[in-house]
$ cat structure.cif   # mmCIF, C-alpha atoms
data_input
loop_
_atom_site.label_atom_id
_atom_site.label_comp_id
_atom_site.auth_asym_id
_atom_site.auth_seq_id
_atom_site.Cartn_x
_atom_site.Cartn_y
_atom_site.Cartn_z
CA MET A 12 -41.07 26.83 42.02
CA THR A 13 -44.25 25.05 41.14
CA GLU A 14 -44.43 21.49 42.30
CA ILE A 15 -45.55 18.97 39.77
CA ALA A 16 -48.27 16.79 41.15
CA ASP A 17 -47.72 13.08 40.96
CA PRO A 18 -49.88 11.38 38.37
CA PRO A 19 -52.89 9.70 39.90
CA ARG A 20 -52.30 6.06 40.60
CA SER A 21 -54.73 3.51 39.36
CA ARG A 22 -56.46 2.09 42.38
CA ARG A 23 -56.92 -1.61 42.72
CA PRO A 24 -60.60 -2.53 42.60
CA LEU A 25 -62.02 -3.18 46.04
CA ILE A 26 -63.80 -6.29 44.79
CA THR A 27 -62.16 -8.60 42.28
CA SER A 28 -63.11 -11.97 40.85
CA LEU A 29 -61.08 -13.67 43.57
CA GLU A 30 -63.12 -12.06 46.35
CA VAL A 31 -66.36 -12.94 44.55
CA LEU A 32 -65.25 -16.56 44.22
CA CYS A 33 -64.37 -16.76 47.92
CA VAL A 34 -67.76 -15.34 48.91
CA LEU A 35 -69.58 -17.81 46.66
CA LEU A 36 -67.62 -20.73 48.10
CA VAL A 37 -68.42 -19.65 51.65
CA LEU A 38 -72.12 -19.25 50.83
CA ALA A 39 -72.16 -22.65 49.13
CA ALA A 40 -70.63 -24.24 52.21
CA VAL A 41 -73.01 -22.51 54.63
CA PHE A 42 -76.15 -23.23 52.61
CA GLN A 43 -75.05 -26.60 51.28
CA SER A 44 -78.28 -28.42 52.06
CA GLN A 45 -80.46 -25.74 50.46
CA VAL A 46 -78.28 -25.59 47.34
CA THR A 47 -78.32 -29.38 47.05
CA ALA A 48 -82.11 -29.49 47.30
CA LEU A 49 -82.44 -26.72 44.72
CA LEU A 50 -80.17 -28.44 42.19
CA ASP A 51 -81.42 -31.97 42.82
CA VAL A 52 -83.47 -32.02 39.64
CA PRO A 53 -83.24 -34.89 37.12
CA ALA A 54 -82.80 -32.53 34.16
CA LEU A 55 -79.94 -30.68 35.86
CA ARG A 56 -78.29 -33.94 36.85
CA THR A 57 -78.49 -35.19 33.27
CA GLY A 58 -77.21 -31.93 31.84
CA SER A 59 -74.30 -31.75 34.27
CA THR A 60 -73.37 -35.37 33.52
CA VAL A 61 -73.35 -34.72 29.76
CA PHE A 62 -71.36 -31.51 30.20
CA VAL A 63 -68.72 -33.20 32.33
CA ALA A 64 -68.58 -36.19 29.96
CA VAL A 65 -68.02 -34.00 26.89
CA CYS A 66 -65.30 -31.96 28.59
CA VAL A 67 -63.59 -34.96 30.16
CA GLN A 68 -63.60 -36.82 26.83
CA ALA A 69 -62.23 -33.88 24.90
CA LEU A 70 -59.78 -32.31 27.37
CA PRO A 71 -56.99 -34.92 27.09
CA PHE A 72 -56.99 -34.61 23.31
CA LEU A 73 -57.18 -30.83 23.50
CA VAL A 74 -54.07 -30.95 25.70
CA LEU A 75 -52.43 -33.28 23.19
CA GLY A 76 -53.24 -30.82 20.41
CA VAL A 77 -51.78 -27.80 22.17
CA LEU A 78 -48.66 -29.78 23.08
CA VAL A 79 -48.17 -30.74 19.44
CA SER A 80 -48.86 -27.13 18.47
CA GLY A 81 -46.23 -25.92 20.96
CA LEU A 82 -43.69 -28.44 19.68
CA ILE A 83 -44.27 -27.26 16.12
CA ALA A 84 -43.82 -23.63 17.16
CA ALA A 85 -40.63 -24.30 19.12
CA PHE A 86 -38.80 -27.01 17.23
CA VAL A 87 -40.03 -27.11 13.62
CA PRO A 88 -38.65 -24.39 11.34
CA PRO A 89 -41.28 -22.82 9.07
CA ASP A 90 -39.33 -23.76 5.94
CA ALA A 91 -39.39 -27.45 6.92
CA LEU A 92 -43.18 -27.63 6.81
CA ARG A 93 -43.35 -25.84 3.49
CA ARG A 94 -40.78 -28.25 2.00
CA VAL A 95 -42.72 -31.36 3.09
CA LEU A 96 -45.99 -30.39 1.40
CA PRO A 97 -46.34 -29.87 -2.36
CA ALA A 98 -46.11 -26.27 -3.48
CA LYS A 99 -49.55 -26.25 -5.10
CA ALA A 100 -52.43 -26.11 -2.64
CA GLY A 101 -54.50 -28.57 -4.67
CA ALA A 102 -51.79 -31.24 -4.44
CA ALA A 103 -51.03 -30.43 -0.79
CA VAL A 104 -54.63 -31.06 0.31
CA PRO A 105 -54.71 -34.88 0.02
CA VAL A 106 -51.18 -35.14 1.46
CA ALA A 107 -52.22 -33.09 4.49
CA GLY A 108 -55.42 -35.11 4.79
CA LEU A 109 -53.53 -38.40 4.88
CA ALA A 110 -51.12 -36.87 7.41
CA GLY A 111 -54.06 -36.79 9.82
CA VAL A 112 -53.43 -40.50 10.43
CA ALA A 113 -50.40 -39.50 12.50
CA LEU A 114 -52.31 -37.47 15.14
CA PRO A 115 -54.23 -39.80 17.50
CA GLY A 116 -56.72 -37.33 18.87
CA CYS A 117 -60.15 -35.83 18.44
CA GLU A 118 -61.21 -32.61 16.75
CA CYS A 119 -60.20 -30.59 19.80
CA ALA A 120 -56.58 -31.58 19.19
CA SER A 121 -56.60 -30.79 15.47
CA VAL A 122 -57.76 -27.16 15.75
CA PRO A 123 -54.67 -25.69 17.47
CA VAL A 124 -52.38 -27.80 15.28
CA ALA A 125 -54.11 -26.58 12.10
CA ARG A 126 -53.80 -22.97 13.19
CA ARG A 127 -50.13 -23.48 13.98
CA LEU A 128 -49.61 -24.95 10.51
CA MET A 129 -51.14 -21.83 8.97
CA GLN A 130 -48.90 -19.63 11.12
CA GLN A 131 -45.90 -21.63 9.92
CA GLY A 132 -46.72 -20.82 6.31
CA VAL A 133 -48.70 -23.90 5.27
CA ALA A 134 -51.49 -23.14 2.80
CA PRO A 135 -54.84 -22.75 4.62
CA ALA A 136 -56.45 -25.30 2.29
CA ALA A 137 -53.96 -27.97 3.38
CA ALA A 138 -54.20 -27.02 7.06
CA LEU A 139 -58.01 -27.24 6.93
CA ALA A 140 -57.85 -30.64 5.23
CA PHE A 141 -55.64 -31.82 8.09
CA LEU A 142 -58.05 -30.32 10.61
CA LEU A 143 -60.97 -32.33 9.25
CA ALA A 144 -59.11 -35.58 8.56
CA ALA A 145 -57.08 -36.00 11.75
CA PRO A 146 -60.01 -36.62 14.14
CA ALA A 147 -61.68 -39.16 11.84
CA ILE A 148 -59.03 -41.33 10.18
CA ASN A 149 -56.40 -41.81 12.88
CA PRO A 150 -55.77 -45.39 14.07
CA ILE A 151 -57.49 -44.98 17.45
CA VAL A 152 -60.76 -43.89 15.85
CA LEU A 153 -60.66 -46.64 13.25
CA VAL A 154 -59.94 -49.31 15.88
CA SER A 155 -62.76 -48.04 18.10
CA THR A 156 -65.11 -48.15 15.10
CA ALA A 157 -64.10 -51.75 14.35
CA VAL A 158 -64.74 -52.72 17.99
CA ALA A 159 -68.12 -50.96 18.03
CA PHE A 160 -69.22 -52.68 14.79
CA PRO A 161 -67.71 -56.17 15.09
CA GLY A 162 -70.06 -57.65 12.50
CA GLU A 163 -69.71 -54.81 9.99
CA PRO A 164 -66.07 -54.39 8.91
CA ARG A 165 -67.30 -52.27 6.00
CA MET A 166 -68.11 -49.47 8.46
CA VAL A 167 -64.41 -48.94 9.16
CA LEU A 168 -63.53 -48.52 5.48
CA ALA A 169 -66.65 -46.44 4.86
CA ARG A 170 -65.80 -44.08 7.72
CA PHE A 171 -62.20 -43.73 6.55
CA LEU A 172 -63.14 -42.97 2.95
CA GLY A 173 -66.09 -40.72 3.81
CA SER A 174 -64.05 -38.64 6.25
CA LEU A 175 -60.99 -38.39 4.00
CA LEU A 176 -63.18 -37.41 1.05
CA THR A 177 -64.86 -34.73 3.18
CA ALA A 178 -61.50 -33.31 4.26
CA CYS A 179 -60.13 -33.23 0.71
CA ALA A 180 -63.33 -31.75 -0.74
CA MET A 181 -63.32 -28.92 1.82
CA GLY A 182 -59.62 -28.29 1.24
CA TRP A 183 -60.12 -28.05 -2.51
CA LEU A 184 -63.17 -25.82 -2.06
CA TRP A 185 -61.15 -23.49 0.14
CA ALA A 186 -58.26 -23.46 -2.36
CA ARG A 187 -60.68 -22.42 -5.08
CA LEU A 188 -63.18 -20.18 -3.27
CA GLY A 189 -61.69 -19.30 0.13
CA LYS A 190 -60.47 -15.80 0.94
CA ALA A 191 -57.77 -14.83 3.41
CA GLU A 192 -59.94 -12.05 4.86
CA TRP A 193 -62.39 -14.68 6.12
CA LEU A 194 -59.72 -15.82 8.57
CA ALA A 195 -58.94 -13.81 11.70
CA GLU A 196 -55.60 -12.02 11.68
CA ARG A 197 -54.38 -14.09 14.64
CA ALA A 198 -54.74 -17.28 12.60
CA LEU A 199 -52.46 -16.02 9.82
CA ARG A 200 -49.93 -14.18 11.98
CA ARG A 201 -46.66 -15.75 10.88
CA VAL A 202 -44.46 -17.42 13.46
CA GLU A 203 -40.84 -16.89 12.54
CA ALA A 204 -37.98 -19.07 13.64
CA ARG A 205 -36.34 -17.74 16.80
CA SER A 206 -32.57 -17.63 16.95
CA GLY A 207 -32.17 -16.88 20.65
CA GLY A 208 -33.79 -17.98 23.86
CA SER A 209 -34.84 -21.37 25.07
CA ARG A 210 -36.97 -23.46 22.74
CA TRP A 211 -38.67 -24.95 25.78
CA VAL A 212 -39.80 -21.49 26.86
CA VAL A 213 -41.32 -20.96 23.42
CA PHE A 214 -42.97 -24.38 23.69
CA ALA A 215 -44.42 -23.66 27.14
CA GLU A 216 -45.72 -20.21 26.22
CA SER A 217 -47.30 -21.38 22.95
CA ALA A 218 -48.97 -24.38 24.59
CA ARG A 219 -50.23 -22.31 27.53
CA HIS A 220 -51.69 -19.64 25.26
CA ASP A 221 -53.46 -22.17 23.02
CA LEU A 222 -54.82 -24.16 25.96
CA VAL A 223 -56.30 -21.12 27.73
CA GLU A 224 -57.85 -19.82 24.52
CA ALA A 225 -59.28 -23.13 23.32
CA GLY A 226 -60.43 -24.31 26.75
CA GLY A 227 -63.03 -21.59 27.10
CA PHE A 228 -64.61 -22.45 23.76
CA LEU A 229 -64.61 -26.14 24.68
CA VAL A 230 -66.66 -25.31 27.78
CA LEU A 231 -69.09 -23.29 25.66
CA GLY A 232 -69.57 -26.20 23.27
CA GLY A 233 -70.04 -28.62 26.18
CA LEU A 234 -72.74 -26.44 27.72
CA THR A 235 -74.65 -26.29 24.43
CA SER A 236 -74.43 -30.05 23.98
CA ALA A 237 -75.67 -30.63 27.54
CA ALA A 238 -78.65 -28.36 26.99
CA PHE A 239 -79.66 -30.29 23.87
CA ASN A 240 -79.45 -33.64 25.66
CA VAL A 241 -81.82 -32.35 28.33
CA LEU A 242 -84.32 -30.62 26.06
CA VAL A 243 -84.73 -33.24 23.28
CA PRO A 244 -86.77 -36.34 24.26
CA THR A 245 -85.07 -39.70 23.61
CA GLU A 246 -88.32 -41.09 22.17
CA TRP A 247 -87.74 -39.06 19.05
CA LEU A 248 -84.79 -41.29 18.10
CA ASP A 249 -86.88 -44.45 18.35
CA SER A 250 -89.13 -43.24 15.53
CA LEU A 251 -86.23 -43.18 13.01
CA ALA A 252 -86.03 -46.95 12.53
CA GLY A 253 -86.64 -47.82 8.88
CA GLN A 254 -86.71 -44.20 7.64
CA LEU A 255 -83.53 -43.68 5.63
CA VAL A 256 -83.84 -40.06 4.48
CA LEU A 257 -85.20 -38.77 7.77
CA GLY A 258 -82.62 -40.86 9.60
CA VAL A 259 -79.78 -39.27 7.61
CA LEU A 260 -80.95 -35.74 8.36
CA VAL A 261 -81.65 -36.34 12.03
CA MET A 262 -78.40 -38.21 12.65
CA ALA A 263 -76.44 -35.45 10.93
CA VAL A 264 -77.99 -32.82 13.20
CA LEU A 265 -77.57 -35.10 16.19
CA ALA A 266 -73.86 -35.49 15.45
CA VAL A 267 -73.48 -31.72 15.51
CA VAL A 268 -75.29 -31.09 18.77
CA LEU A 269 -74.13 -34.09 20.79
CA ALA A 270 -70.49 -33.09 20.20
CA LEU A 271 -69.10 -36.52 21.08
CA CYS A 272 -65.40 -37.26 21.00
CA SER A 273 -64.47 -39.14 17.82
CA GLU A 274 -62.93 -41.97 19.86
CA ALA A 275 -66.29 -42.64 21.56
CA ASP A 276 -68.97 -41.75 19.01
CA ALA A 277 -68.96 -45.18 17.31
CA PHE A 278 -70.05 -46.90 20.53
CA VAL A 279 -72.90 -44.44 20.96
CA VAL A 280 -74.32 -44.80 17.46
CA ALA A 281 -73.81 -48.58 17.40
CA SER A 282 -76.12 -48.85 20.41
CA MET A 283 -79.06 -47.33 18.51
CA PRO A 284 -81.20 -50.33 17.43
CA GLY A 285 -83.12 -50.48 14.18
CA LEU A 286 -81.27 -47.59 12.55
CA PRO A 287 -79.86 -48.31 9.04
CA LEU A 288 -76.09 -48.27 8.58
CA ILE A 289 -76.03 -45.24 6.27
CA PRO A 290 -77.51 -42.83 8.86
CA LYS A 291 -75.04 -44.26 11.38
CA LEU A 292 -72.22 -43.59 8.92
CA VAL A 293 -73.46 -40.03 8.45
CA PHE A 294 -73.28 -39.58 12.22
CA LEU A 295 -69.68 -40.86 12.27
CA VAL A 296 -68.54 -38.67 9.35
CA VAL A 297 -70.33 -35.45 10.30
CA GLY A 298 -69.46 -35.49 14.01
CA PRO A 299 -65.65 -35.16 13.75
CA ALA A 300 -66.01 -32.59 10.95
CA VAL A 301 -68.55 -30.21 12.49
CA ASP A 302 -70.08 -30.18 15.96
CA LEU A 303 -70.90 -27.53 18.53
CA LYS A 304 -67.62 -27.65 20.43
CA LEU A 305 -65.65 -27.72 17.18
CA ILE A 306 -67.55 -24.68 15.86
CA ALA A 307 -66.76 -22.89 19.12
CA LEU A 308 -63.09 -23.86 18.92
CA GLN A 309 -62.89 -22.76 15.28
CA SER A 310 -64.46 -19.42 16.20
CA GLY A 311 -61.76 -18.90 18.79
CA ALA A 312 -58.89 -20.02 16.57
CA PHE A 313 -59.89 -18.66 13.15
CA GLY A 314 -62.62 -16.11 13.87
CA ARG A 315 -66.39 -16.14 13.93
CA GLY A 316 -66.62 -15.09 10.29
CA PHE A 317 -64.67 -18.16 9.26
CA ALA A 318 -66.75 -20.52 11.40
CA ALA A 319 -70.00 -19.03 10.09
CA ARG A 320 -68.96 -19.89 6.53
CA PHE A 321 -66.93 -23.05 7.03
CA ALA A 322 -69.22 -25.02 9.35
CA PRO A 323 -72.42 -25.00 7.21
CA VAL A 324 -70.54 -25.95 4.04
CA THR A 325 -68.68 -28.71 5.88
CA PHE A 326 -71.99 -30.01 7.21
CA VAL A 327 -73.45 -30.35 3.70
CA VAL A 328 -70.27 -31.80 2.18
CA ALA A 329 -69.89 -34.34 5.00
CA ILE A 330 -73.47 -35.57 4.55
CA ALA A 331 -72.99 -35.88 0.77
CA CYS A 332 -69.70 -37.76 1.14
CA ALA A 333 -71.07 -40.10 3.80
CA VAL A 334 -74.20 -40.91 1.82
CA GLY A 335 -72.20 -41.43 -1.38
CA VAL A 336 -69.65 -43.73 0.22
CA GLY A 337 -72.38 -45.50 2.18
CA ALA A 338 -74.43 -46.16 -0.95
CA VAL A 339 -71.42 -47.81 -2.59
CA LEU A 340 -70.02 -49.79 0.35
CA LEU A 341 -73.05 -50.38 2.56
CA GLY A 342 -75.83 -50.61 -0.02
CA GLY A 343 -79.31 -50.43 1.44
CA SER A 344 -78.20 -51.54 4.92
#
$ encode --input "structure.cif" --output "structure tokens"
Amino acid sequence: MTEIADPPRSRRPLITSLEVLCVLLVLAAVFQSQVTALLDVPALRTGSTVFVAVCVQALPFLVLGVLVSGLIAAFVPPDALRRVLPAKAGAAVPVAGLAGVALPGCECASVPVARRLMQQGVAPAAALAFLLAAPAINPIVLVSTAVAFPGEPRMVLARFLGSLLTACAMGWLWARLGKAEWLAERALRRVEARSGGSRWVVFAESARHDLVEAGGFLVLGGLTSAAFNVLVPTEWLDSLAGQLVLGVLVMAVLAVVLALCSEADAFVVASMPGLPLIPKLVFLVVGPAVDLKLIALQSGAFGRGFAARFAPVTFVVAIACAVGVGAVLLGGS
């Protein structure tokens, strides 16, 4: 009788990431003085400070977003969300945009929630309008803007209207021109109501999955923002005083690459002396709608093809909306 050989067992790798991490930690401890001297460079210190600041600012709101996303997945039936919003995507867009007032977080929080809304059957146009509006028109952002510009109450209204108009315009554009194949399959994978099992288990698993996935892209966006802060001289900003058109363009690009949290960006731009109010408004409207960490998060949640199309159009629309609202409310300030 011929014996059947046992199938070969997959051998565990001799060296895994855990062993590599342990070796690196030991080497860092042994050669601490040499490593410190090597990294004690002003540019590296600045870059590391910016990187930590971006991640620390955004992480609490990212956690808030994934918690809200998990709660939606576990406790909100898909039919409930579809009943709240109007059936037509065009009418649902402004309703979803105004609903962004209810989520006190930054753009990191709105991405997982918007994806969960799509998975629950909400029209992508409405979910994207919520994604863009929530970080810019919630009460925390508006209060921080009022505190940062105590002598310019018009900035609060201008930011609210410019951001809401941007969100609605992008939602309507998607409803008219967007295609489902531009979105990754994972973003449209329907989440059905679960009859059995613990809802808290569903909540924990959904939140954990979203946090792990989005956290990596947040780090990528933070690294890019830190590199820009190190490589671009601060003297370049001083030359923008009194130049409206150039100021608008530069502040729009700056909002993308600095990737500031929407709760803190008003204090940063308010501290820039000599800059007209309209370029400052452009910074405040563009930043929550499209920045490096948001592009990275959108790539992870909706696919790189979506981000490659959505981010550039959002950038142009946000500038146009901010300049238009600023020209009406702020004049030539």
$ resolve_selection --input "structure.cif" --expression "the PyMOL selection byres ((chain A and resi 149) around 10)" --output "list in words"
Leu109, Ala110, Gly111, Val112, Ala113, Leu114, Pro115, Gly116, Cys117, Ala144, Ala145, Pro146, Ala147, Ile148, Pro150, Ile151, Val152, Leu153, Val154, Phe171, Ser273 and Glu274 of chain A
$ write_last_selection --input "structure.cif" --atoms "C-alpha atoms" --output "PDB file, in the coordinates of the input"
ATOM      1  CA  LEU A 109     -53.530 -38.400   4.880  1.00  0.00           C
ATOM      2  CA  ALA A 110     -51.120 -36.870   7.410  1.00  0.00           C
ATOM      3  CA  GLY A 111     -54.060 -36.790   9.820  1.00  0.00           C
ATOM      4  CA  VAL A 112     -53.430 -40.500  10.430  1.00  0.00           C
ATOM      5  CA  ALA A 113     -50.400 -39.500  12.500  1.00  0.00           C
ATOM      6  CA  LEU A 114     -52.310 -37.470  15.140  1.00  0.00           C
ATOM      7  CA  PRO A 115     -54.230 -39.800  17.500  1.00  0.00           C
ATOM      8  CA  GLY A 116     -56.720 -37.330  18.870  1.00  0.00           C
ATOM      9  CA  CYS A 117     -60.150 -35.830  18.440  1.00  0.00           C
ATOM     10  CA  ALA A 144     -59.110 -35.580   8.560  1.00  0.00           C
ATOM     11  CA  ALA A 145     -57.080 -36.000  11.750  1.00  0.00           C
ATOM     12  CA  PRO A 146     -60.010 -36.620  14.140  1.00  0.00           C
ATOM     13  CA  ALA A 147     -61.680 -39.160  11.840  1.00  0.00           C
ATOM     14  CA  ILE A 148     -59.030 -41.330  10.180  1.00  0.00           C
ATOM     15  CA  PRO A 150     -55.770 -45.390  14.070  1.00  0.00           C
ATOM     16  CA  ILE A 151     -57.490 -44.980  17.450  1.00  0.00           C
ATOM     17  CA  VAL A 152     -60.760 -43.890  15.850  1.00  0.00           C
ATOM     18  CA  LEU A 153     -60.660 -46.640  13.250  1.00  0.00           C
ATOM     19  CA  VAL A 154     -59.940 -49.310  15.880  1.00  0.00           C
ATOM     20  CA  PHE A 171     -62.200 -43.730   6.550  1.00  0.00           C
ATOM     21  CA  SER A 273     -64.470 -39.140  17.820  1.00  0.00           C
ATOM     22  CA  GLU A 274     -62.930 -41.970  19.860  1.00  0.00           C
TER      23      GLU A 274
END
$ resolve_selection --input "structure.cif" --expression "the PyMOL selection byres ((chain A and resi 193) around 12)" --output "number ranges by chain"
A: 135, 185, 188-192, 194-199, 310, 313-321
$ resolve_selection --input "structure.cif" --expression "the PyMOL selection byres ((chain A and resi 102) around 12)" --output "number ranges by chain"
A: 95-101, 103-109, 134, 136-137, 140, 179, 182-183, 186
$ residues_around --input "structure.cif" --residues "Ala138 in chain A" --least-positions-apart "6" --cutoff "7 Å" --atoms "only C-alpha atoms" --output "PyMOL selection string"
chain A and resi 107+125+128-129
$ atom_distance --input "structure.cif" --atom1 "CA of Ala281 in chain A" --atom2 "CA of Cys66 in chain A"
21.8 Å
$ atom_distance --input "structure.cif" --atom1 "CA of Val61 in chain A" --atom2 "CA of Leu242 in chain A"
12.3 Å
$ atom_distance --input "structure.cif" --atom1 "CA of Val261 in chain A" --atom2 "CA of Ala300 in chain A"
16.1 Å
$ closest_residue --input "structure.cif" --among "A:Ile330, A:Ala237, A:Ala275, A:Leu303" --to "Leu55 in chain A" --atoms "all atoms listed in the file"
A:Ala237
$ residues_around --input "structure.cif" --residues "Leu172 in chain A" --least-positions-apart "3" --cutoff "12 Å" --atoms "only C-alpha atoms" --output "NGL selection string"
:A and (108-109 or 144 or 147-148 or 153 or 165-169 or 175-180 or 292 or 295-296 or 329 or 332-337 or 339-340)
$ residues_near_point --input "structure.cif" --point "(-73.7, -37.9, 11.6)" --cutoff "8 Å" --atoms "all atoms listed in the file" --output "list in words"
Val259, Met262, Ala263, Val264, Leu265, Ala266, Val267, Pro290, Lys291, Leu292, Val293, Phe294, Leu295, Val296, Val297, Gly298 and Ile330 of chain A
$ closest_residue --input "structure.cif" --among "A:Leu143, A:Val241, A:Gly258, A:Arg187" --to "Asp302 in chain A" --atoms "all atoms listed in the file"
A:Leu143
$ closest_residue --input "structure.cif" --among "A:Leu308, A:Val268, A:Ala159, A:Val223" --to "Val74 in chain A" --atoms "all atoms listed in the file"
A:Val223
$ decode --input "structure.cif" --residues "range 154-219 of chain A" --atoms "C-alpha atoms" --output "PDB file, in the first residue's frame"
ATOM      1  CA  VAL A 154     -16.617  79.434  15.827  1.00  0.00           C
ATOM      2  CA  SER A 155     -12.869  79.040  15.338  1.00  0.00           C
ATOM      3  CA  THR A 156     -13.078  81.264  12.254  1.00  0.00           C
ATOM      4  CA  ALA A 157     -14.958  83.936  14.212  1.00  0.00           C
ATOM      5  CA  VAL A 158     -12.314  83.821  16.964  1.00  0.00           C
ATOM      6  CA  ALA A 159      -9.459  84.023  14.441  1.00  0.00           C
ATOM      7  CA  PHE A 160     -11.048  87.022  12.668  1.00  0.00           C
ATOM      8  CA  PRO A 161     -12.607  89.018  15.522  1.00  0.00           C
ATOM      9  CA  GLY A 162     -12.797  92.217  13.478  1.00  0.00           C
ATOM     10  CA  GLU A 163     -14.164  90.570  10.329  1.00  0.00           C
ATOM     11  CA  PRO A 164     -17.490  88.824  11.033  1.00  0.00           C
ATOM     12  CA  ARG A 165     -18.066  88.672   7.273  1.00  0.00           C
ATOM     13  CA  MET A 166     -15.378  85.980   7.029  1.00  0.00           C
ATOM     14  CA  VAL A 167     -17.571  83.528   8.930  1.00  0.00           C
ATOM     15  CA  LEU A 168     -20.525  83.984   6.572  1.00  0.00           C
ATOM     16  CA  ALA A 169     -18.241  84.013   3.534  1.00  0.00           C
ATOM     17  CA  ARG A 170     -16.594  80.749   4.575  1.00  0.00           C
ATOM     18  CA  PHE A 171     -19.956  79.104   5.245  1.00  0.00           C
ATOM     19  CA  LEU A 172     -21.446  80.134   1.902  1.00  0.00           C
ATOM     20  CA  GLY A 173     -18.292  79.463  -0.128  1.00  0.00           C
ATOM     21  CA  SER A 174     -17.860  75.989   1.332  1.00  0.00           C
ATOM     22  CA  LEU A 175     -21.536  75.040   1.060  1.00  0.00           C
ATOM     23  CA  LEU A 176     -21.641  76.280  -2.528  1.00  0.00           C
ATOM     24  CA  THR A 177     -18.534  74.232  -3.340  1.00  0.00           C
ATOM     25  CA  ALA A 178     -20.079  71.091  -1.835  1.00  0.00           C
ATOM     26  CA  CYS A 179     -23.366  71.541  -3.689  1.00  0.00           C
ATOM     27  CA  ALA A 180     -21.660  72.370  -6.989  1.00  0.00           C
ATOM     28  CA  MET A 181     -19.512  69.230  -6.809  1.00  0.00           C
ATOM     29  CA  GLY A 182     -22.517  67.119  -5.847  1.00  0.00           C
ATOM     30  CA  TRP A 183     -24.518  68.410  -8.794  1.00  0.00           C
ATOM     31  CA  LEU A 184     -21.560  67.932 -11.137  1.00  0.00           C
ATOM     32  CA  TRP A 185     -21.221  64.335  -9.994  1.00  0.00           C
ATOM     33  CA  ALA A 186     -24.969  63.742 -10.392  1.00  0.00           C
ATOM     34  CA  ARG A 187     -24.745  64.973 -13.973  1.00  0.00           C
ATOM     35  CA  LEU A 188     -21.323  63.775 -15.130  1.00  0.00           C
ATOM     36  CA  GLY A 189     -20.065  61.207 -12.595  1.00  0.00           C
ATOM     37  CA  LYS A 190     -19.820  57.519 -13.429  1.00  0.00           C
ATOM     38  CA  ALA A 191     -20.053  54.607 -11.027  1.00  0.00           C
ATOM     39  CA  GLU A 192     -17.008  52.929 -12.575  1.00  0.00           C
ATOM     40  CA  TRP A 193     -14.849  55.827 -11.373  1.00  0.00           C
ATOM     41  CA  LEU A 194     -15.459  54.641  -7.819  1.00  0.00           C
ATOM     42  CA  ALA A 195     -13.648  51.606  -6.427  1.00  0.00           C
ATOM     43  CA  GLU A 196     -15.815  48.542  -5.893  1.00  0.00           C
ATOM     44  CA  ARG A 197     -15.192  48.644  -2.138  1.00  0.00           C
ATOM     45  CA  ALA A 198     -16.809  52.077  -1.929  1.00  0.00           C
ATOM     46  CA  LEU A 199     -20.069  50.871  -3.482  1.00  0.00           C
ATOM     47  CA  ARG A 200     -20.219  47.441  -1.854  1.00  0.00           C
ATOM     48  CA  ARG A 201     -23.641  47.489  -0.230  1.00  0.00           C
ATOM     49  CA  VAL A 202     -23.909  46.921   3.500  1.00  0.00           C
ATOM     50  CA  GLU A 203     -27.093  45.041   4.245  1.00  0.00           C
ATOM     51  CA  ALA A 204     -28.903  45.045   7.542  1.00  0.00           C
ATOM     52  CA  ARG A 205     -27.838  42.128   9.735  1.00  0.00           C
ATOM     53  CA  SER A 206     -30.522  40.166  11.521  1.00  0.00           C
ATOM     54  CA  GLY A 207     -28.288  38.142  13.837  1.00  0.00           C
ATOM     55  CA  GLY A 208     -25.214  38.751  15.903  1.00  0.00           C
ATOM     56  CA  SER A 209     -24.265  41.599  18.149  1.00  0.00           C
ATOM     57  CA  ARG A 210     -24.563  45.097  16.726  1.00  0.00           C
ATOM     58  CA  TRP A 211     -21.611  46.125  18.868  1.00  0.00           C
ATOM     59  CA  VAL A 212     -19.453  43.510  17.158  1.00  0.00           C
ATOM     60  CA  VAL A 213     -20.454  44.962  13.792  1.00  0.00           C
ATOM     61  CA  PHE A 214     -19.674  48.436  15.116  1.00  0.00           C
ATOM     62  CA  ALA A 215     -16.236  47.417  16.417  1.00  0.00           C
ATOM     63  CA  GLU A 216     -15.245  45.556  13.260  1.00  0.00           C
ATOM     64  CA  SER A 217     -16.394  48.357  10.938  1.00  0.00           C
ATOM     65  CA  ALA A 218     -14.632  51.051  12.962  1.00  0.00           C
ATOM     66  CA  ARG A 219     -11.428  49.019  13.244  1.00  0.00           C
TER      67      ARG A 219
END
